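Source file: query33.cif (mmCIF, C-alpha atoms, pLDDT in the B column; chains and numbers go by the auth columns)
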```cif
data_protein
#
loop_
_atom_site.group_PDB
_atom_site.id
_atom_site.type_symbol
_atom_site.label_atom_id
_atom_site.label_comp_id
_atom_site.label_asym_id
_atom_site.label_seq_id
_atom_site.Cartn_x
_atom_site.Cartn_y
_atom_site.Cartn_z
_atom_site.B_iso_or_equiv
_atom_site.auth_seq_id
_atom_site.auth_asym_id
ATOM 1 C CA MET A 1 -4.340 -2.030 -12.371 51.00 26 B
ATOM 2 C CA ILE A 2 -1.224 -1.166 -10.343 52.00 27 B
ATOM 3 C CA VAL A 3 -2.025 1.300 -7.582 55.00 28 B
ATOM 4 C CA ARG A 4 0.770 3.334 -6.096 66.00 29 B
ATOM 5 C CA GLN A 5 1.061 2.914 -2.356 71.00 30 B
ATOM 6 C CA PRO A 6 -0.249 6.070 -0.681 71.00 31 B
ATOM 7 C CA PRO A 7 2.088 8.011 1.619 76.00 32 B
ATOM 8 C CA LEU A 8 1.766 7.249 5.318 76.00 33 B
ATOM 9 C CA THR A 9 1.148 9.818 8.013 80.00 34 B
ATOM 10 C CA ARG A 10 3.347 9.975 11.098 84.00 35 B
ATOM 11 C CA TRP A 11 0.660 8.223 13.116 85.00 36 B
ATOM 12 C CA GLN A 12 0.363 5.429 10.555 82.00 37 B
ATOM 13 C CA GLN A 13 4.125 4.975 10.610 84.00 38 B
ATOM 14 C CA ALA A 14 4.192 5.060 14.399 87.00 39 B
ATOM 15 C CA TRP A 15 1.576 2.377 15.010 88.00 40 B
ATOM 16 C CA ARG A 16 3.235 0.073 12.476 89.00 41 B
ATOM 17 C CA TYR A 17 6.560 0.351 14.258 91.00 42 B
ATOM 18 C CA LEU A 18 4.986 -0.001 17.700 93.00 43 B
ATOM 19 C CA GLY A 19 3.027 -3.049 16.561 92.00 44 B
ATOM 20 C CA ALA A 20 6.147 -4.576 15.042 92.00 45 B
ATOM 21 C CA LEU A 21 8.048 -3.961 18.284 93.00 46 B
ATOM 22 C CA ALA A 22 5.323 -5.605 20.360 93.00 47 B
ATOM 23 C CA ILE A 23 5.247 -8.656 18.081 92.00 48 B
ATOM 24 C CA SER A 24 9.049 -8.980 18.156 91.00 49 B
ATOM 25 C CA LEU A 25 9.077 -8.820 21.949 91.00 50 B
ATOM 26 C CA LEU A 26 6.460 -11.565 22.146 90.00 51 B
ATOM 27 C CA ALA A 27 8.264 -13.740 19.616 85.00 52 B
ATOM 28 C CA PHE A 28 11.643 -13.267 21.249 86.00 53 B
ATOM 29 C CA GLY A 29 10.500 -13.461 24.866 81.00 54 B
ATOM 30 C CA ASP A 30 10.718 -17.147 25.779 74.00 55 B
ATOM 31 C CA ALA A 31 13.401 -18.035 23.234 77.00 56 B
ATOM 32 C CA GLY A 32 15.485 -15.041 24.277 79.00 57 B
ATOM 33 C CA GLN A 33 15.461 -16.058 27.913 79.00 58 B
ATOM 34 C CA ARG A 34 16.638 -19.576 27.109 78.00 59 B
ATOM 35 C CA LEU A 35 19.287 -18.302 24.702 81.00 60 B
ATOM 36 C CA TRP A 36 20.572 -15.845 27.300 83.00 61 B
ATOM 37 C CA GLU A 37 21.037 -18.659 29.773 78.00 62 B
ATOM 38 C CA SER A 38 22.664 -21.159 27.412 80.00 63 B
ATOM 39 C CA HIS A 39 23.937 -19.290 24.309 83.00 64 B
ATOM 40 C CA PRO A 40 24.492 -15.573 25.055 85.00 65 B
ATOM 41 C CA LEU A 41 26.274 -14.965 21.736 88.00 66 B
ATOM 42 C CA TRP A 42 23.253 -16.243 19.836 86.00 67 B
ATOM 43 C CA PHE A 43 21.087 -14.036 22.047 90.00 68 B
ATOM 44 C CA TRP A 44 22.954 -10.904 20.931 93.00 69 B
ATOM 45 C CA GLY A 45 23.065 -12.108 17.345 91.00 70 B
ATOM 46 C CA ASP A 46 19.288 -12.495 17.342 90.00 71 B
ATOM 47 C CA LEU A 47 18.813 -8.964 18.670 93.00 72 B
ATOM 48 C CA THR A 48 21.295 -7.577 16.138 95.00 73 B
ATOM 49 C CA LEU A 49 19.373 -9.094 13.243 95.00 74 B
ATOM 50 C CA GLY A 50 16.165 -7.768 14.714 93.00 75 B
ATOM 51 C CA ALA A 51 17.597 -4.256 14.992 95.00 76 B
ATOM 52 C CA LEU A 52 18.849 -4.381 11.391 96.00 77 B
ATOM 53 C CA SER A 53 15.398 -5.544 10.286 95.00 78 B
ATOM 54 C CA PHE A 54 13.775 -2.567 11.980 95.00 79 B
ATOM 55 C CA ALA A 55 16.338 -0.269 10.378 95.00 80 B
ATOM 56 C CA SER A 56 15.441 -1.617 6.925 94.00 81 B
ATOM 57 C CA LEU A 57 11.693 -0.985 7.245 93.00 82 B
ATOM 58 C CA PRO A 58 11.824 2.618 5.932 92.00 83 B
ATOM 59 C CA PHE A 59 13.102 1.197 2.625 93.00 84 B
ATOM 60 C CA ARG A 60 10.388 -1.454 2.232 91.00 85 B
ATOM 61 C CA ARG A 61 8.450 0.645 -0.288 89.00 86 B
ATOM 62 C CA ARG A 62 11.433 1.636 -2.388 91.00 87 B
ATOM 63 C CA TRP A 63 12.859 -1.908 -2.551 94.00 88 B
ATOM 64 C CA PRO A 64 10.004 -4.155 -1.360 94.00 89 B
ATOM 65 C CA VAL A 65 11.297 -7.504 -2.600 95.00 90 B
ATOM 66 C CA PRO A 66 14.940 -7.247 -1.453 95.00 91 B
ATOM 67 C CA VAL A 67 14.019 -5.809 1.947 96.00 92 B
ATOM 68 C CA THR A 68 11.331 -8.392 2.673 96.00 93 B
ATOM 69 C CA MET A 69 13.484 -11.237 1.372 96.00 94 B
ATOM 70 C CA LEU A 70 16.443 -10.258 3.550 96.00 95 B
ATOM 71 C CA ILE A 71 14.289 -9.963 6.656 96.00 96 B
ATOM 72 C CA GLY A 72 12.707 -13.334 5.869 94.00 97 B
ATOM 73 C CA VAL A 73 16.098 -15.008 5.437 95.00 98 B
ATOM 74 C CA ALA A 74 17.219 -13.479 8.739 93.00 99 B
ATOM 75 C CA GLY A 75 14.364 -15.433 10.305 91.00 100 B
ATOM 76 C CA LEU A 76 16.562 -18.497 9.926 89.00 101 B
ATOM 77 C CA ALA A 77 18.506 -17.367 13.006 88.00 102 B
ATOM 78 C CA SER A 78 16.364 -14.694 14.648 90.00 103 B
ATOM 79 C CA ALA A 79 12.983 -14.472 16.320 89.00 104 B
ATOM 80 C CA SER A 80 13.164 -10.720 16.876 92.00 105 B
ATOM 81 C CA ILE A 81 12.687 -10.100 13.153 93.00 106 B
ATOM 82 C CA ALA A 82 9.066 -11.271 13.456 93.00 107 B
ATOM 83 C CA GLY A 83 7.572 -7.784 13.782 93.00 108 B
ATOM 84 C CA PRO A 84 9.488 -6.137 10.930 95.00 109 B
ATOM 85 C CA PHE A 85 8.859 -9.147 8.717 96.00 110 B
ATOM 86 C CA ILE A 86 5.095 -8.951 9.245 95.00 111 B
ATOM 87 C CA VAL A 87 5.064 -5.242 8.324 95.00 112 B
ATOM 88 C CA ALA A 88 7.270 -5.803 5.263 95.00 113 B
ATOM 89 C CA MET A 89 5.407 -8.905 4.040 96.00 114 B
ATOM 90 C CA VAL A 90 1.991 -7.276 4.305 95.00 115 B
ATOM 91 C CA SER A 91 3.346 -4.188 2.539 93.00 116 B
ATOM 92 C CA LEU A 92 4.764 -6.343 -0.256 94.00 117 B
ATOM 93 C CA SER A 93 1.487 -8.248 -0.611 94.00 118 B
ATOM 94 C CA THR A 94 -0.486 -5.027 -1.066 92.00 119 B
ATOM 95 C CA ARG A 95 1.211 -4.726 -4.462 91.00 120 B
ATOM 96 C CA ARG A 96 -0.674 -7.912 -5.502 91.00 121 B
ATOM 97 C CA ARG A 97 2.105 -9.191 -7.746 91.00 122 B
ATOM 98 C CA TRP A 98 2.401 -12.956 -7.437 93.00 123 B
ATOM 99 C CA ARG A 99 5.825 -13.029 -9.080 94.00 124 B
ATOM 100 C CA GLU A 100 7.054 -11.014 -6.098 94.00 125 B
ATOM 101 C CA ILE A 101 4.953 -12.601 -3.361 95.00 126 B
ATOM 102 C CA VAL A 102 5.494 -16.296 -4.100 95.00 127 B
ATOM 103 C CA PRO A 103 9.319 -16.468 -3.966 95.00 128 B
ATOM 104 C CA VAL A 104 9.538 -14.250 -0.886 96.00 129 B
ATOM 105 C CA ALA A 105 6.814 -16.198 0.902 95.00 130 B
ATOM 106 C CA ALA A 106 8.394 -19.544 0.017 95.00 131 B
ATOM 107 C CA VAL A 107 11.906 -18.598 1.159 95.00 132 B
ATOM 108 C CA SER A 108 10.648 -16.925 4.326 93.00 133 B
ATOM 109 C CA THR A 109 8.456 -19.910 5.223 93.00 134 B
ATOM 110 C CA VAL A 110 11.383 -22.303 4.832 93.00 135 B
ATOM 111 C CA ALA A 111 13.555 -20.012 6.960 92.00 136 B
ATOM 112 C CA GLY A 112 10.868 -19.838 9.629 87.00 137 B
ATOM 113 C CA VAL A 113 10.532 -23.610 9.749 87.00 138 B
ATOM 114 C CA ALA A 114 14.305 -24.096 9.826 87.00 139 B
ATOM 115 C CA TYR A 115 14.659 -21.638 12.708 84.00 140 B
ATOM 116 C CA PHE A 116 13.229 -24.147 15.156 80.00 141 B
ATOM 117 C CA GLY A 117 15.769 -26.754 14.093 77.00 142 B
ATOM 118 C CA VAL A 118 18.785 -24.454 13.814 75.00 143 B
ATOM 119 C CA VAL A 119 18.578 -22.219 16.862 74.00 144 B
ATOM 120 C CA PRO A 120 19.799 -23.820 20.087 64.00 145 B
ATOM 121 C CA ALA A 121 17.363 -24.118 22.988 62.00 146 B
ATOM 122 C CA VAL A 122 14.385 -23.714 20.617 62.00 147 B
ATOM 123 C CA GLN A 123 12.932 -27.063 19.616 67.00 148 B
ATOM 124 C CA SER A 124 9.443 -28.233 18.645 71.00 149 B
ATOM 125 C CA PRO A 125 7.937 -30.938 16.362 75.00 150 B
ATOM 126 C CA TRP A 126 8.550 -30.269 12.666 76.00 151 B
ATOM 127 C CA TYR A 127 4.916 -30.667 11.674 82.00 152 B
ATOM 128 C CA VAL A 128 3.919 -28.020 14.192 81.00 153 B
ATOM 129 C CA ASN A 129 6.543 -25.671 12.781 82.00 154 B
ATOM 130 C CA VAL A 130 5.439 -26.258 9.185 88.00 155 B
ATOM 131 C CA THR A 131 1.752 -25.825 9.955 90.00 156 B
ATOM 132 C CA PHE A 132 2.335 -22.688 12.004 87.00 157 B
ATOM 133 C CA SER A 133 4.644 -21.086 9.422 89.00 158 B
ATOM 134 C CA VAL A 134 2.332 -21.817 6.478 93.00 159 B
ATOM 135 C CA ILE A 135 -0.741 -20.501 8.296 94.00 160 B
ATOM 136 C CA VAL A 136 1.025 -17.298 9.370 93.00 161 B
ATOM 137 C CA MET A 137 2.339 -16.692 5.855 95.00 162 B
ATOM 138 C CA ALA A 138 -1.090 -17.287 4.314 95.00 163 B
ATOM 139 C CA VAL A 139 -2.679 -14.809 6.724 96.00 164 B
ATOM 140 C CA LEU A 140 -0.054 -12.143 5.988 95.00 165 B
ATOM 141 C CA VAL A 141 -0.469 -12.512 2.228 95.00 166 B
ATOM 142 C CA ALA A 142 -4.269 -12.496 2.513 96.00 167 B
ATOM 143 C CA VAL A 143 -4.248 -9.331 4.621 95.00 168 B
ATOM 144 C CA GLY A 144 -1.880 -7.594 2.229 93.00 169 B
ATOM 145 C CA MET A 145 -3.910 -8.626 -0.811 93.00 170 B
ATOM 146 C CA TYR A 146 -7.090 -7.348 0.836 94.00 171 B
ATOM 147 C CA VAL A 147 -5.506 -3.993 1.670 92.00 172 B
ATOM 148 C CA GLY A 148 -4.188 -3.735 -1.898 88.00 173 B
ATOM 149 C CA ALA A 149 -7.601 -4.559 -3.378 89.00 174 B
ATOM 150 C CA ARG A 150 -9.241 -1.955 -1.172 89.00 175 B
ATOM 151 C CA ARG A 151 -6.711 0.652 -2.237 84.00 176 B
ATOM 152 C CA GLU A 152 -7.360 -0.222 -5.876 85.00 177 B
ATOM 153 C CA LEU A 153 -11.119 0.111 -5.390 85.00 178 B
ATOM 154 C CA LEU A 154 -10.763 3.495 -3.699 81.00 179 B
ATOM 155 C CA ALA A 155 -8.379 4.684 -6.415 76.00 180 B
ATOM 156 C CA THR A 156 -10.836 3.559 -9.110 79.00 181 B
ATOM 157 C CA LEU A 157 -13.749 5.341 -7.438 82.00 182 B
ATOM 158 C CA GLN A 158 -11.681 8.496 -7.001 79.00 183 B
ATOM 159 C CA ASP A 159 -10.597 8.388 -10.630 75.00 184 B
ATOM 160 C CA ARG A 160 -14.202 8.017 -11.776 79.00 185 B
ATOM 161 C CA ALA A 161 -15.323 10.905 -9.572 81.00 186 B
ATOM 162 C CA GLU A 162 -12.540 13.144 -10.886 77.00 187 B
ATOM 163 C CA ARG A 163 -13.330 12.184 -14.490 82.00 188 B
ATOM 164 C CA ALA A 164 -17.037 12.887 -13.968 81.00 189 B
ATOM 165 C CA GLU A 165 -16.196 16.248 -12.412 81.00 190 B
ATOM 166 C CA ARG A 166 -13.951 17.153 -15.362 80.00 191 B
ATOM 167 C CA GLU A 167 -16.664 16.144 -17.836 80.00 192 B
ATOM 168 C CA GLN A 168 -19.226 18.241 -15.972 81.00 193 B
ATOM 169 C CA GLU A 169 -16.907 21.248 -15.963 79.00 194 B
ATOM 170 C CA PHE A 170 -16.336 20.755 -19.689 78.00 195 B
ATOM 171 C CA ARG A 171 -20.081 20.617 -20.398 80.00 196 B
ATOM 172 C CA ILE A 172 -20.676 23.770 -18.328 83.00 197 B
ATOM 173 C CA ALA A 173 -17.856 25.607 -20.118 77.00 198 B
ATOM 174 C CA GLN A 174 -19.183 24.445 -23.498 79.00 199 B
ATOM 175 C CA ALA A 175 -22.706 25.596 -22.644 77.00 200 B
ATOM 176 C CA GLN A 176 -21.392 28.976 -21.547 78.00 201 B
ATOM 177 C CA ALA A 177 -19.374 29.287 -24.762 74.00 202 B
ATOM 178 C CA ASN A 178 -22.458 28.385 -26.838 76.00 203 B
ATOM 179 C CA ALA A 179 -24.484 30.981 -24.955 74.00 204 B
ATOM 180 C CA ARG A 180 -21.846 33.653 -25.641 73.00 205 B
ATOM 181 C CA ASP A 181 -21.755 32.714 -29.328 68.00 206 B
ATOM 182 C CA ALA A 182 -25.543 32.935 -29.513 70.00 207 B
ATOM 183 C CA ARG A 183 -25.530 36.376 -27.883 67.00 208 B
ATOM 184 C CA ARG A 184 -22.854 37.565 -30.291 69.00 209 B
ATOM 185 C CA ALA A 185 -24.824 36.214 -33.239 65.00 210 B
ATOM 186 C CA ARG A 186 -27.973 38.032 -32.100 64.00 211 B
ATOM 187 C CA ALA A 187 -26.189 41.313 -31.403 55.00 212 B
ATOM 188 C CA PRO A 188 -25.946 42.532 -35.095 60.00 213 B
ATOM 189 C CA ASP A 189 -29.545 41.520 -35.715 55.00 214 B
ATOM 190 C CA VAL A 190 -30.752 43.481 -32.690 50.00 215 B
ATOM 191 C CA ALA A 191 -28.669 46.506 -33.635 50.00 216 B
ATOM 192 C CA GLY A 192 -29.993 46.360 -37.221 51.00 217 B
ATOM 193 C CA GLY A 193 -33.556 46.123 -35.940 53.00 218 B
ATOM 194 C CA HIS A 194 -33.117 49.258 -33.855 53.00 219 B
ATOM 195 C CA ALA A 195 -31.711 51.101 -36.865 53.00 220 B
ATOM 196 C CA LEU A 196 -34.619 50.012 -39.099 49.00 221 B
ATOM 197 C CA ARG A 197 -37.191 51.009 -36.514 58.00 222 B
ATOM 198 C CA ARG A 198 -35.618 54.424 -36.208 59.00 223 B
ATOM 199 C CA ALA A 199 -35.846 54.697 -39.997 56.00 224 B
ATOM 200 C CA GLY A 200 -39.519 53.660 -39.877 57.00 225 B
ATOM 201 C CA ILE A 201 -38.920 50.343 -41.627 54.00 226 B
ATOM 202 C CA PRO A 202 -40.585 47.258 -40.114 52.00 227 B
ATOM 203 C CA HIS A 203 -38.121 44.619 -38.936 49.00 228 B
ATOM 204 C CA ARG A 204 -38.754 40.978 -38.095 52.00 229 B
ATOM 205 C CA PRO A 205 -35.910 39.438 -35.971 50.00 230 B
ATOM 206 C CA ARG A 206 -34.421 36.171 -37.092 50.00 231 B
ATOM 207 C CA PRO A 207 -35.556 33.149 -35.136 51.00 232 B
#
```

The structure given in the file should be rewritten as C-alpha cells.
Amino acid sequence: MIVRQPPLTRWQQAWRYLGALAISLLAFGDAGQRLWESHPLWFWGDLTLGALSFASLPFRRRWPVPVTMLIGVAGLASASIAGPFIVAMVSLSTRRRWREIVPVAAVSTVAGVAYFGVVPAVQSPWYVNVTFSVIVMAVLVAVGMYVGARRELLATLQDRAERAEREQEFRIAQAQANARDARRARAPDVAGGHALRRAGIPHRPRP
C-alpha cells in the first residue's frame, strides 16, 4: 500500500529546517574552521553546496529521488549538506520503496566516505569513515521506514473508520426507506378499513 505523504504544517516545516541547520552547523564547525585557515576557496564552496541543498528541500516531495541523490553526491565535497541530506533521506525512506532507497543510500554512503579522503584538512582512518557512514545511513533509512509504516497504519485505520461510517449511514438510510415503504403499504389498508367501518362492514387489517 502506497500512502501519500501528508501535507506539513508551517511548524512542521520550521522545525525540520531548524534541525537541519543545527546539524549542518555541527557537521561543518570543525572542518570549516580548518578549511578557512588553509583552503578558503573550499570553505566557500562547501557553504555554497550547503545553501543549494537547503534551497532544494522544498522539492524533496515532488522529486524525492533526484533531490536526495544530488544532495548526497554533494556530500563528496561538503559537510554543510549534512542537515538537508538527513531531512531528504528520511523523507525518501518514508515512501518505503527499496528501488529508490538502495541506490540513493549506496551513492550517498560512498560520497560520505570519500569526503574524508577528498577534502583537504579533513582526514581520519578509512574504517572509521566507513563504519560511521554506514551506521548513519542505516539509522536514517530505519527512521524513515518507521515513519512510513506508521503513516500507512494510520491511513488504514482511517480508511476502515470511514468505510464503517459509510456502511452505517447506508444501513440507516435503508432502514428508513424500508420504514417509509411499509407505511405507504399500510396506508391504503388503513384507509379502506375506515371506509368499511363507516359502511358497517367488519374489517380485519392485513398482518

What does the structure give for the distance between CA of Phe110 in chain B and CA of Ala136 in chain B, in Å to one decimal? 12.0 Å

Taken to one decimal, the CA of Trp67 in chain B-CA of Val161 in chain B distance is 24.6 Å

Given the PyMOL selection byres ((chain B and resi 83) around 12) and the file above, list the residues it selects as a PDB file with C-alpha atoms, in the frame of the given file.
```pdb
ATOM      1  CA  PRO B  32       2.088   8.011   1.619  1.00 76.00           C
ATOM      2  CA  LEU B  33       1.766   7.249   5.318  1.00 76.00           C
ATOM      3  CA  GLN B  38       4.125   4.975  10.610  1.00 84.00           C
ATOM      4  CA  ALA B  39       4.192   5.060  14.399  1.00 87.00           C
ATOM      5  CA  ARG B  41       3.235   0.073  12.476  1.00 89.00           C
ATOM      6  CA  TYR B  42       6.560   0.351  14.258  1.00 91.00           C
ATOM      7  CA  LEU B  77      18.849  -4.381  11.391  1.00 96.00           C
ATOM      8  CA  SER B  78      15.398  -5.544  10.286  1.00 95.00           C
ATOM      9  CA  PHE B  79      13.775  -2.567  11.980  1.00 95.00           C
ATOM     10  CA  ALA B  80      16.338  -0.269  10.378  1.00 95.00           C
ATOM     11  CA  SER B  81      15.441  -1.617   6.925  1.00 94.00           C
ATOM     12  CA  LEU B  82      11.693  -0.985   7.245  1.00 93.00           C
ATOM     13  CA  PHE B  84      13.102   1.197   2.625  1.00 93.00           C
ATOM     14  CA  ARG B  85      10.388  -1.454   2.232  1.00 91.00           C
ATOM     15  CA  ARG B  86       8.450   0.645  -0.288  1.00 89.00           C
ATOM     16  CA  ARG B  87      11.433   1.636  -2.388  1.00 91.00           C
ATOM     17  CA  TRP B  88      12.859  -1.908  -2.551  1.00 94.00           C
ATOM     18  CA  PRO B  89      10.004  -4.155  -1.360  1.00 94.00           C
ATOM     19  CA  VAL B  92      14.019  -5.809   1.947  1.00 96.00           C
ATOM     20  CA  THR B  93      11.331  -8.392   2.673  1.00 96.00           C
ATOM     21  CA  PRO B 109       9.488  -6.137  10.930  1.00 95.00           C
ATOM     22  CA  VAL B 112       5.064  -5.242   8.324  1.00 95.00           C
ATOM     23  CA  ALA B 113       7.270  -5.803   5.263  1.00 95.00           C
ATOM     24  CA  SER B 116       3.346  -4.188   2.539  1.00 93.00           C
TER      25      SER B 116
END
```

For the atom pair CA of Val166 in chain B and CA of Leu50 in chain B, what is the interatomic distance in Å to one decimal place? 22.2 Å

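The residues that lie within 9 Å of the point (1.1, -10.1, 0.9), counting all atoms listed in the file, are Ala113, Met114, Val115, Ser116, Leu117, Ser118, Thr119, Arg120, Arg121, Arg122, Trp123, Ile126, Ala130, Met162, Ala163, Val164, Leu165, Val166, Ala167, Val168, Gly169, Met170, Tyr171 and Gly173 of chain B.
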
On this structure, the PyMOL selection byres ((chain B and resi 137) around 8) would catch which residues? List them as a compact mmCIF listing (two decimals) with C-alpha atoms, keeping the file's coordinate frame, sorted by chain and number.
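Result saved to result-v3.txt:
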```txt
# COMPACT_ATOMS: atom_id res chain seq x y z
CA GLY B 97 12.71 -13.33 5.87
CA GLY B 100 14.36 -15.43 10.30
CA LEU B 101 16.56 -18.50 9.93
CA SER B 133 10.65 -16.92 4.33
CA THR B 134 8.46 -19.91 5.22
CA VAL B 135 11.38 -22.30 4.83
CA ALA B 136 13.56 -20.01 6.96
CA VAL B 138 10.53 -23.61 9.75
CA ALA B 139 14.30 -24.10 9.83
CA TYR B 140 14.66 -21.64 12.71
CA PHE B 141 13.23 -24.15 15.16
CA ASN B 154 6.54 -25.67 12.78
CA SER B 158 4.64 -21.09 9.42
```

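Remark: for Ser149 in chain B, the closest of the candidate residues B:Glu190, B:Trp61, B:Asp71, B:Ala56 is B:Ala56 (distances computed over only C-alpha atoms).
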
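When all atoms listed in the file are used to measure the gap to Val159 in chain B, the shortest distance among B:Glu194, B:Ala131, B:Asn203, B:Leu72 belongs to B:Ala131.
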
Selection result of the PyMOL selection byres ((chain B and resi 104) around 8) on this file, as a count of residues only: 12

Using all atoms listed in the file, can you tell me which of B:Val172, B:Leu66, B:Leu46, B:Trp40 comes closest to Val144 in chain B? B:Leu66
